[in-house]
file query.cif (mmCIF, C-alpha atoms and all ligand atoms)
data_protein
#
loop_
_atom_site.label_atom_id
_atom_site.label_comp_id
_atom_site.auth_asym_id
_atom_site.auth_seq_id
_atom_site.Cartn_x
_atom_site.Cartn_y
_atom_site.Cartn_z
CA MET A 1035 0.00 0.00 0.00
CA ASP A 1036 0.95 3.61 -0.53
CA TYR A 1037 0.40 5.94 2.41
CA ARG A 1038 0.57 9.74 2.40
CA ILE A 1039 2.23 11.14 5.50
CA THR A 1040 2.53 14.84 6.26
CA ILE A 1041 5.58 15.62 8.37
CA ILE A 1042 5.87 18.82 10.38
CA PRO A 1043 9.50 19.04 11.53
CA GLY A 1044 8.81 22.36 13.29
CA ASP A 1045 11.40 24.07 15.48
CA GLY A 1046 14.42 23.35 17.66
CA ILE A 1047 15.34 19.66 17.62
CA GLY A 1048 12.20 18.98 15.54
CA PRO A 1049 14.00 18.61 12.19
CA ASP A 1050 16.73 16.43 13.78
CA ILE A 1051 14.31 13.88 15.18
CA ALA A 1052 11.82 14.04 12.29
CA GLU A 1053 14.63 12.90 9.98
CA GLN A 1054 15.14 9.77 12.06
CA ALA A 1055 11.42 8.92 12.10
CA LYS A 1056 11.44 9.23 8.31
CA ARG A 1057 14.35 6.87 7.94
CA VAL A 1058 12.72 4.29 10.22
CA LEU A 1059 9.48 4.54 8.22
CA GLU A 1060 11.42 4.00 5.00
CA GLN A 1061 12.89 0.85 6.47
CA VAL A 1062 9.45 -0.35 7.60
CA GLY A 1063 8.32 0.24 4.01
CA THR A 1064 11.21 -1.82 2.62
CA VAL A 1065 10.75 -4.68 5.07
CA PHE A 1066 6.95 -4.89 4.87
CA GLY A 1067 6.41 -3.77 1.28
CA HIS A 1068 4.70 -0.39 1.78
CA THR A 1069 5.42 3.05 0.39
CA PHE A 1070 5.27 5.99 2.74
CA THR A 1071 5.19 9.18 0.73
CA CYS A 1072 6.32 11.84 3.20
CA THR A 1073 5.77 15.52 2.54
CA SER A 1074 7.29 18.08 4.91
CA VAL A 1075 5.34 21.25 5.64
CA LEU A 1076 5.83 24.26 7.88
CA ALA A 1077 4.18 25.03 11.20
CA GLY A 1078 5.22 26.82 14.38
CA GLY A 1079 8.09 29.28 14.60
CA ALA A 1080 9.62 28.10 11.31
CA ALA A 1081 6.32 28.87 9.56
CA TYR A 1082 6.07 32.26 11.26
CA ASP A 1083 9.56 33.18 10.05
CA ALA A 1084 8.85 32.06 6.49
CA THR A 1085 5.26 33.27 6.06
CA GLY A 1086 4.34 35.56 8.98
CA HIS A 1087 1.88 33.01 10.38
CA PRO A 1088 2.51 29.92 12.56
CA LEU A 1089 -0.10 27.83 10.75
CA PRO A 1090 -0.28 28.58 7.02
CA ALA A 1091 -3.45 27.45 5.21
CA ASP A 1092 -1.33 25.20 2.92
CA THR A 1093 -0.19 23.25 5.95
CA VAL A 1094 -3.72 22.54 7.16
CA CYS A 1095 -4.69 21.60 3.62
CA ALA A 1096 -1.75 19.15 3.29
CA CYS A 1097 -2.71 17.56 6.62
CA THR A 1098 -6.36 17.06 5.70
CA GLN A 1099 -5.31 15.41 2.45
CA SER A 1100 -2.98 12.90 4.06
CA ASP A 1101 -3.49 9.62 5.89
CA ALA A 1102 -1.69 10.87 8.99
CA VAL A 1103 0.40 13.72 10.38
CA LEU A 1104 3.70 13.38 12.20
CA LEU A 1105 4.70 16.46 14.18
CA ALA A 1106 8.11 16.78 15.84
CA ALA A 1107 8.04 19.89 18.05
CA VAL A 1108 7.23 23.59 17.85
CA GLY A 1109 8.23 26.65 19.86
CA GLY A 1110 11.29 28.37 21.24
CA PRO A 1111 12.46 31.55 22.92
CA ALA A 1112 12.79 33.38 19.58
CA TRP A 1113 8.97 33.59 19.35
CA ASP A 1114 8.12 34.05 23.04
CA THR A 1115 7.28 37.72 22.79
CA LEU A 1116 4.83 37.43 19.90
CA PRO A 1117 1.13 37.95 20.58
CA GLY A 1118 -0.76 34.74 21.46
CA HIS A 1119 -2.27 34.13 18.02
CA LEU A 1120 1.15 34.29 16.33
CA ARG A 1121 3.06 32.11 18.78
CA PRO A 1122 4.18 28.66 17.59
CA GLU A 1123 1.83 27.03 20.13
CA ALA A 1124 -1.11 28.58 18.27
CA ALA A 1125 -0.24 26.25 15.38
CA LEU A 1126 -0.70 23.23 17.62
CA LEU A 1127 -4.07 24.37 18.90
CA GLY A 1128 -5.11 25.35 15.38
CA LEU A 1129 -4.17 21.94 13.97
CA ARG A 1130 -6.02 20.11 16.74
CA ALA A 1131 -9.15 22.21 16.21
CA GLN A 1132 -9.10 22.26 12.41
CA LEU A 1133 -8.43 18.53 12.10
CA GLY A 1134 -11.06 17.77 14.78
CA LEU A 1135 -8.57 15.87 16.96
CA PHE A 1136 -10.52 15.79 20.21
CA ALA A 1137 -8.80 12.82 21.87
CA ASN A 1138 -5.21 12.94 23.00
CA LEU A 1139 -3.68 9.64 24.07
CA ARG A 1140 -0.58 9.96 26.21
CA PRO A 1141 0.83 6.67 27.36
CA ALA A 1142 3.14 6.91 30.37
CA ILE A 1143 5.22 3.77 30.27
CA MET A 1144 8.30 2.99 32.27
CA TYR A 1145 10.94 1.14 30.29
CA PRO A 1146 12.48 -1.53 32.51
CA GLN A 1147 15.85 -0.80 30.85
CA LEU A 1148 15.61 2.80 32.12
CA SER A 1149 14.01 2.20 35.51
CA GLU A 1150 17.03 3.75 37.21
CA ALA A 1151 15.97 7.11 35.77
CA CYS A 1152 12.60 6.93 37.53
CA PRO A 1153 12.55 9.63 40.24
CA ILE A 1154 10.26 7.55 42.47
CA LYS A 1155 11.48 4.88 44.90
CA PRO A 1156 11.33 1.32 43.53
CA SER A 1157 9.20 0.31 46.52
CA VAL A 1158 6.53 2.77 45.38
CA ILE A 1159 6.68 2.35 41.63
CA GLY A 1160 7.16 -1.42 41.50
CA SER A 1161 8.71 -3.05 38.47
CA SER A 1162 6.55 -1.48 35.81
CA LEU A 1163 4.25 1.41 35.10
CA ASP A 1164 1.76 1.68 32.26
CA ILE A 1165 -0.81 4.46 32.46
CA MET A 1166 -2.79 5.88 29.56
CA VAL A 1167 -3.82 9.50 29.97
CA VAL A 1168 -6.75 10.35 27.68
CA ARG A 1169 -6.92 14.11 27.47
CA GLU A 1170 -9.80 16.05 25.89
CA LEU A 1171 -8.07 18.21 23.29
CA THR A 1172 -10.39 20.62 21.51
CA GLY A 1173 -12.55 22.07 24.28
CA GLY A 1174 -12.40 23.48 27.78
CA ILE A 1175 -10.42 26.47 28.92
CA TYR A 1176 -7.80 26.32 26.14
CA PHE A 1177 -10.54 27.04 23.62
CA GLY A 1178 -12.95 29.18 25.65
CA GLU A 1179 -13.51 32.89 25.34
CA ARG A 1180 -10.64 34.92 26.70
CA GLY A 1181 -9.54 38.50 26.79
CA GLN A 1182 -8.70 41.54 28.82
CA ARG A 1183 -10.98 44.34 29.89
CA THR A 1184 -10.67 47.53 31.85
CA LEU A 1185 -12.99 47.71 34.84
CA ALA A 1186 -14.86 50.84 35.94
CA ASP A 1187 -12.13 51.69 38.45
CA GLY A 1188 -9.46 51.50 35.73
CA THR A 1189 -8.06 48.10 36.79
CA VAL A 1190 -7.20 45.75 33.95
CA GLN A 1191 -8.71 42.27 34.27
CA ALA A 1192 -7.89 39.21 32.19
CA TYR A 1193 -10.19 36.20 31.85
CA ASP A 1194 -10.34 32.71 30.37
CA THR A 1195 -13.49 30.63 30.33
CA MET A 1196 -13.97 26.91 30.73
CA SER A 1197 -17.04 25.27 29.26
CA TYR A 1198 -17.95 21.79 28.08
CA ARG A 1199 -20.91 20.59 26.05
CA GLU A 1200 -22.44 17.20 26.81
CA ASP A 1201 -21.47 15.80 23.40
CA GLU A 1202 -17.84 16.86 23.88
CA VAL A 1203 -17.68 14.98 27.17
CA GLU A 1204 -19.52 11.98 25.80
CA ARG A 1205 -17.18 11.36 22.85
CA ILE A 1206 -13.99 11.59 24.92
CA ALA A 1207 -15.53 9.37 27.62
CA ARG A 1208 -16.44 6.73 25.00
CA ARG A 1209 -12.91 6.85 23.62
CA ALA A 1210 -11.49 6.32 27.11
CA PHE A 1211 -13.79 3.37 27.85
CA ASP A 1212 -13.01 1.80 24.46
CA ILE A 1213 -9.29 2.03 25.24
CA ALA A 1214 -9.81 0.66 28.76
CA MET A 1215 -11.56 -2.39 27.26
CA LEU A 1216 -8.30 -3.20 25.46
CA ARG A 1217 -6.20 -2.74 28.62
CA GLY A 1218 -6.83 -3.09 32.34
CA ARG A 1219 -10.57 -2.18 32.22
CA ARG A 1220 -10.29 0.61 34.78
CA VAL A 1221 -11.06 4.26 34.11
CA THR A 1222 -10.36 7.11 36.52
CA SER A 1223 -12.19 10.27 35.49
CA VAL A 1224 -10.44 13.35 36.84
CA ASP A 1225 -12.32 16.59 37.46
CA LYS A 1226 -12.90 19.36 39.98
CA ALA A 1227 -16.58 18.71 40.55
CA ASN A 1228 -16.45 20.12 44.09
CA ILE A 1229 -15.97 23.58 42.56
CA LEU A 1230 -16.55 23.73 38.81
CA GLU A 1231 -19.94 23.48 37.14
CA SER A 1232 -18.31 22.16 33.95
CA SER A 1233 -16.79 19.35 36.05
CA ARG A 1234 -20.20 18.48 37.49
CA LEU A 1235 -21.54 18.01 33.97
CA TRP A 1236 -18.35 16.10 33.06
CA ARG A 1237 -18.90 13.68 35.94
CA GLU A 1238 -22.58 13.20 35.13
CA VAL A 1239 -21.92 12.43 31.45
CA VAL A 1240 -18.95 10.11 32.13
CA THR A 1241 -21.10 8.18 34.63
CA ARG A 1242 -23.89 7.91 32.06
CA VAL A 1243 -21.50 6.62 29.35
CA SER A 1244 -20.05 4.08 31.80
CA ARG A 1245 -23.40 2.22 31.83
CA ASP A 1246 -22.59 1.06 28.29
CA TYR A 1247 -19.35 -0.48 29.58
CA PRO A 1248 -20.32 -2.72 32.50
CA GLU A 1249 -16.96 -4.55 32.33
CA VAL A 1250 -15.05 -1.35 33.03
CA GLU A 1251 -14.64 -0.12 36.59
CA LEU A 1252 -15.13 3.66 36.78
CA SER A 1253 -13.91 5.87 39.59
CA HIS A 1254 -13.89 9.66 39.94
CA MET A 1255 -11.10 11.71 41.44
CA TYR A 1256 -10.57 15.42 42.05
CA VAL A 1257 -7.61 16.77 40.12
CA ASP A 1258 -5.61 17.86 43.17
CA ASN A 1259 -5.96 14.41 44.67
CA ALA A 1260 -5.04 12.81 41.33
CA ALA A 1261 -1.82 14.86 41.19
CA MET A 1262 -0.96 13.53 44.64
CA GLN A 1263 -2.01 9.92 43.98
CA LEU A 1264 0.14 9.83 40.84
CA VAL A 1265 3.31 10.15 42.88
CA TRP A 1266 2.04 8.29 45.93
CA ASN A 1267 0.61 5.18 44.27
CA PRO A 1268 0.96 5.43 40.49
CA SER A 1269 0.22 1.81 39.71
CA GLN A 1270 -3.39 2.20 40.87
CA PHE A 1271 -4.12 3.88 37.50
CA ASP A 1272 -4.96 2.24 34.20
CA VAL A 1273 -6.76 4.83 32.03
CA ILE A 1274 -7.15 8.42 33.22
CA VAL A 1275 -9.69 10.51 31.31
CA THR A 1276 -9.81 14.23 31.89
CA THR A 1277 -10.32 17.73 30.53
CA ASN A 1278 -7.93 19.63 28.30
CA MET A 1279 -6.14 21.63 31.00
CA PHE A 1280 -6.05 18.92 33.69
CA GLY A 1281 -4.81 16.46 31.07
CA ASP A 1282 -2.08 18.86 29.98
CA ILE A 1283 -0.79 19.05 33.53
CA LEU A 1284 -1.29 15.45 34.65
CA SER A 1285 0.23 13.98 31.48
CA ASP A 1286 3.47 15.88 32.12
CA GLU A 1287 3.47 14.59 35.68
CA ALA A 1288 2.73 11.01 34.61
CA SER A 1289 5.43 11.06 31.94
CA MET A 1290 8.04 12.43 34.32
CA ILE A 1291 7.47 9.72 36.91
CA THR A 1292 8.37 7.12 34.28
CA GLY A 1293 11.78 8.79 34.03
CA SER A 1294 11.45 8.42 30.28
CA ILE A 1295 10.14 11.77 29.05
CA GLY A 1296 12.41 11.67 25.97
CA MET A 1297 10.89 8.30 25.11
CA LEU A 1298 7.16 8.94 25.15
CA PRO A 1299 4.96 9.43 22.07
CA SER A 1300 1.39 10.67 21.85
CA ALA A 1301 -1.54 10.37 19.47
CA SER A 1302 -4.24 12.94 18.76
CA LEU A 1303 -7.31 11.39 17.20
CA GLY A 1304 -10.68 12.50 15.91
CA GLY A 1305 -13.75 10.65 14.69
CA GLY A 1306 -12.08 9.15 11.59
CA SER A 1307 -8.70 7.57 10.94
CA LEU A 1308 -6.72 10.81 10.44
CA GLY A 1309 -4.51 11.45 13.44
CA MET A 1310 -1.56 13.58 14.47
CA TYR A 1311 1.35 11.95 16.26
CA GLU A 1312 4.02 13.75 18.24
CA PRO A 1313 6.51 13.26 21.05
CA ILE A 1314 5.45 14.47 24.48
CA HIS A 1315 8.67 16.44 24.93
CA GLY A 1316 9.30 19.94 23.61
CA SER A 1317 11.60 21.50 21.01
CA ALA A 1318 14.76 21.77 23.23
CA PRO A 1319 16.18 24.73 21.25
CA ASP A 1320 19.42 24.65 23.27
CA ILE A 1321 20.50 21.40 21.62
CA ALA A 1322 18.96 21.92 18.17
CA GLY A 1323 21.22 20.78 15.34
CA THR A 1324 23.85 19.30 17.68
CA ASP A 1325 22.99 15.62 17.05
CA MET A 1326 22.30 15.22 20.78
CA ALA A 1327 18.51 14.87 20.88
CA ASN A 1328 16.85 11.55 21.61
CA PRO A 1329 14.78 10.56 18.55
CA ILE A 1330 13.01 7.67 20.29
CA ALA A 1331 9.78 9.49 21.25
CA MET A 1332 9.51 10.63 17.63
CA VAL A 1333 10.14 7.14 16.27
CA LEU A 1334 7.57 5.70 18.70
CA SER A 1335 5.11 8.39 17.56
CA ALA A 1336 5.53 6.99 14.06
CA ALA A 1337 4.76 3.54 15.52
CA LEU A 1338 1.52 4.85 17.05
CA MET A 1339 0.69 6.33 13.65
CA LEU A 1340 1.19 2.96 11.97
CA ARG A 1341 -1.14 1.37 14.50
CA TYR A 1342 -3.94 3.92 14.89
CA SER A 1343 -4.18 5.75 11.56
CA LEU A 1344 -2.88 3.16 9.09
CA GLY A 1345 -4.07 -0.01 10.84
CA LEU A 1346 -0.57 -1.54 10.55
CA SER A 1347 -0.16 -3.11 13.99
CA ARG A 1348 2.52 -5.66 13.01
CA GLU A 1349 4.60 -2.85 11.57
CA ALA A 1350 4.03 -0.77 14.73
CA GLU A 1351 5.19 -3.67 16.86
CA ALA A 1352 8.29 -4.09 14.70
CA VAL A 1353 9.25 -0.48 15.44
CA GLU A 1354 8.54 -0.80 19.17
CA GLN A 1355 10.47 -4.04 19.26
CA ALA A 1356 13.43 -2.42 17.51
CA VAL A 1357 13.50 0.38 20.08
CA SER A 1358 13.42 -2.14 22.89
CA GLN A 1359 16.30 -4.09 21.37
CA VAL A 1360 18.41 -0.97 21.03
CA LEU A 1361 17.75 -0.26 24.73
CA ASP A 1362 18.63 -3.86 25.60
CA GLY A 1363 21.96 -3.11 23.96
CA SER A 1364 24.05 -0.49 25.66
CA TRP A 1365 23.24 2.46 23.38
CA ARG A 1366 21.93 5.63 24.96
CA THR A 1367 21.46 9.22 23.90
CA ARG A 1368 22.66 11.86 26.31
CA ASP A 1369 19.31 12.34 28.14
CA ILE A 1370 19.10 8.64 29.11
CA MET A 1371 22.81 8.01 29.48
CA SER A 1372 24.01 6.12 32.55
CA GLU A 1373 27.25 4.54 33.71
CA GLY A 1374 28.60 1.71 31.59
CA MET A 1375 26.45 2.60 28.58
CA THR A 1376 27.59 3.75 25.13
CA LEU A 1377 26.73 7.34 24.22
CA VAL A 1378 25.31 7.81 20.72
CA GLY A 1379 23.95 10.81 18.82
CA THR A 1380 20.55 11.39 17.22
CA ARG A 1381 21.53 10.00 13.83
CA GLU A 1382 23.29 6.95 15.18
CA MET A 1383 20.29 6.14 17.40
CA GLY A 1384 18.02 6.39 14.33
CA ARG A 1385 20.36 4.16 12.35
CA LEU A 1386 20.49 1.55 15.12
CA ILE A 1387 16.70 1.39 15.37
CA GLU A 1388 16.53 1.04 11.59
CA THR A 1389 18.83 -1.98 11.63
CA TYR A 1390 16.60 -3.81 14.13
CA ILE A 1391 13.39 -3.49 12.07
CA THR A 1392 12.40 -7.00 11.01
CA ARG A 1393 9.24 -8.91 10.13
CA GLY A 1394 9.56 -10.72 13.44
C1 LIG B 1401 1.11 19.94 25.15
C2 LIG B 1401 1.69 21.31 25.18
C3 LIG B 1401 0.71 22.25 24.48
C4 LIG B 1401 -0.61 22.16 25.19
C5 LIG B 1401 1.17 23.69 24.36
C6 LIG B 1401 2.53 23.81 23.74
C7 LIG B 1401 0.16 24.51 23.63
O1 LIG B 1401 1.93 21.71 26.47
O2 LIG B 1401 0.91 19.40 24.04
O3 LIG B 1401 0.85 19.40 26.21
O4 LIG B 1401 -0.80 22.76 26.23
O5 LIG B 1401 -1.48 21.44 24.73
MG MG B 1402 1.66 20.18 27.90
#
call {"tool": "encode", "arguments": {"input": "query.cif", "output": "structure tokens", "more": "lines below"}}
Ligand code: IPM
Ligand code: MG
result
Amino acid sequence: MDYRITIIPGDGIGPDIAEQAKRVLEQVGTVFGHTFTCTSVLAGGAAYDATGHPLPADTVCACTQSDAVLLAAVGGPAWDTLPGHLRPEAALLGLRAQLGLFANLRPAIMYPQLSEACPIKPSVIGSSLDIMVVRELTGGIYFGERGQRTLADGTVQAYDTMSYREDEVERIARRAFDIAMLRGRRVTSVDKANILESSRLWREVVTRVSRDYPEVELSHMYVDNAAMQLVWNPSQFDVIVTTNMFGDILSDEASMITGSIGMLPSASLGGGSLGMYEPIHGSAPDIAGTDMANPIAMVLSAALMLRYSLGLSREAEAVEQAVSQVLDGSWRTRDIMSEGMTLVGTREMGRLIETYITRG
């Protein structure tokens, strides 16, 4: 089969790691007999510099016409002083909204080979950790009305609003329950229903949806408690489903406790098969172009793309397997380096993964 992939290398280390994902995909194509036609387009700071806008219309158009989108990273200090709608981050929110990608899947997995990097005591974390954070991605406070106004007494006030419609909650809840059915069959819905009206509706709708999934155990947790429970007893969680902002925060926390933040991919999905896949980490402008970045999260994002958008699960497993074998060897990029291991650069890590891709 021939698949059309839109690649957004973006800013900072984005182009460095995107290159390695491309090479791994090419190898998957050779080994399994597919063609991945990759087209690179601009978004983020690179797009702002070239066109004056972080998300050019051509980019959105290329994405909608492809089978899947791979995004490396956007942002950096060079664009920090731009107004909100021109910042690189606006490209991310624009892509999510315009492609209808309402469900963000952020697996927090601890690699046994890297368990030493986990900041939590072994007695707390146990031998493994595998949490799936399902974050609502196109609603809530990141998309609500916001602005600044001058009050009668001359004071300037800024505001952001958080609102959720029933149907927005229902579709993300269904996605979370569907995923839980394929895993540990437990869903923790995280909200702030003791304060927020939108959370009370969230809780009501999630509870209603849960009746269609009698095999899945549902619990509710306030977000402050969830933040605490994640470090106190992380293995109690299977699937966490939550709002856009709470998911933004808790997914960073969950990924950090694995000690593997440079290793974790994510998937943003909508109602159809089109999805956008990106590493959880940022653009690390300080090491851009130095061949130091870890390309693994990017490569694993390509694996999620193979699985969720292209329906190629054997190929996805081949990529995940290759990454695991490289880790079983002694090769490490700088961020995951430890004593006795062999330090490799971005390109060499990509090349190593490529050599381990087999039909299994
Ligand atoms: C993320 C990032 C983005 C978000 C930013 C860069 C807009 O933090 O993907 O989690 O908040 O969604
Ligand atoms: Mg975030």
call {"tool": "closest_residue", "arguments": {"input": "query.cif", "among": "A:Ile1143, A:Ala1112, A:Ala1352, A:Ile1213", "to": "A:Ser1289", "atoms": "only C-alpha atoms"}}
result
A:Ile1143
call {"tool": "closest_residue", "arguments": {"input": "query.cif", "among": "A:Asp1282, A:Asp1320, A:Glu1053, A:Glu1060", "to": "ligand LIG 1401 (chain B)", "atoms": "only C-alpha atoms and all ligand atoms"}}
result
A:Asp1282
call {"tool": "atom_distance", "arguments": {"input": "query.cif", "atom1": "atom CA of A:Arg1180", "atom2": "atom CA of A:Gly1128"}}
result
15.8 Å
call {"tool": "residues_near_point", "arguments": {"input": "query.cif", "point": "(-6.7, 16.5, 21.2)", "cutoff": "7 Å", "atoms": "only C-alpha atoms", "output": "list in words"}}
result
Arg1130, Leu1135, Phe1136, Ala1137, Asn1138, Arg1169, Glu1170, Leu1171, Thr1172, Ser1302 and Leu1303 of chain A
call {"tool": "write_last_selection", "arguments": {"input": "query.cif", "atoms": "C-alpha atoms", "output": "PDB file, in the frame of the given file"}}
result
ATOM      1  CA  ARG A1130      -6.020  20.110  16.740  1.00  0.00           C
ATOM      2  CA  LEU A1135      -8.570  15.870  16.960  1.00  0.00           C
ATOM      3  CA  PHE A1136     -10.520  15.790  20.210  1.00  0.00           C
ATOM      4  CA  ALA A1137      -8.800  12.820  21.870  1.00  0.00           C
ATOM      5  CA  ASN A1138      -5.210  12.940  23.000  1.00  0.00           C
ATOM      6  CA  ARG A1169      -6.920  14.110  27.470  1.00  0.00           C
ATOM      7  CA  GLU A1170      -9.800  16.050  25.890  1.00  0.00           C
ATOM      8  CA  LEU A1171      -8.070  18.210  23.290  1.00  0.00           C
ATOM      9  CA  THR A1172     -10.390  20.620  21.510  1.00  0.00           C
ATOM     10  CA  SER A1302      -4.240  12.940  18.760  1.00  0.00           C
ATOM     11  CA  LEU A1303      -7.310  11.390  17.200  1.00  0.00           C
TER      12      LEU A1303
END
call {"tool": "residues_near_ligand", "arguments": {"input": "query.cif", "ligand": "ligand LIG 1401 (chain B)", "cutoff": "7 Å", "atoms": "all atoms listed in the file", "output": "list of chain:residue names"}}
result
A:Glu1123, A:Ala1124, A:Leu1126, A:Leu1127, A:Asp1282, A:Ile1314
call {"tool": "residues_near_ligand", "arguments": {"input": "query.cif", "ligand": "ligand MG 1402 (chain B)", "cutoff": "10 Å", "atoms": "all atoms listed in the file", "output": "list in words"}}
result
Asn1278, Met1279, Phe1280, Gly1281, Asp1282, Ile1283, Leu1284, Ser1285, Asp1286, Glu1287, Ile1314, His1315 and Gly1316 of chain A
call {"tool": "closest_residue", "arguments": {"input": "query.cif", "among": "A:Leu1129, A:Thr1292, A:Thr1277, A:Phe1070", "to": "A:Ser1161", "atoms": "all atoms listed in the file"}}
result
A:Thr1292
call {"tool": "atom_distance", "arguments": {"input": "query.cif", "atom1": "atom CA of A:Ile1165", "atom2": "atom CA of A:Ile1274"}}
result
7.5 Å
call {"tool": "closest_residue", "arguments": {"input": "query.cif", "among": "A:Gly1134, A:Gly1309, A:Pro1146, A:Pro1122", "to": "A:Ala1081", "atoms": "only C-alpha atoms"}}
result
A:Pro1122
call {"tool": "atom_distance", "arguments": {"input": "query.cif", "atom1": "atom CA of A:Ala1327", "atom2": "atom CA of A:Leu1298"}}
result
13.5 Å
call {"tool": "residues_near_point", "arguments": {"input": "query.cif", "point": "(-16.5, 32.5, 28.2)", "cutoff": "7 Å", "atoms": "only C-alpha atoms", "output": "list in words"}}
result
Gly1178, Glu1179, Arg1180, Asp1194, Thr1195 and Met1196 of chain A
call {"tool": "closest_atom_pairs", "arguments": {"input": "query.cif", "of": "stretch 1264-1356 of chain A", "to": "stretch 1098-1104 of chain A", "cutoff": "7 Å", "atoms": "all atoms listed in the file", "output": "tab-separated table"}}
result
residue	atom	partner	partner_atom	distance
A:Leu1308	CA	A:Ala1102	CA	5.2
A:Gly1309	CA	A:Ala1102	CA	5.3
A:Met1310	CA	A:Val1103	CA	4.5
A:Tyr1311	CA	A:Leu1104	CA	4.9
A:Glu1312	CA	A:Leu1104	CA	6.1
A:Ala1336	CA	A:Leu1104	CA	6.9
A:Met1339	CA	A:Ala1102	CA	6.9
A:Ser1343	CA	A:Ala1102	CA	6.2
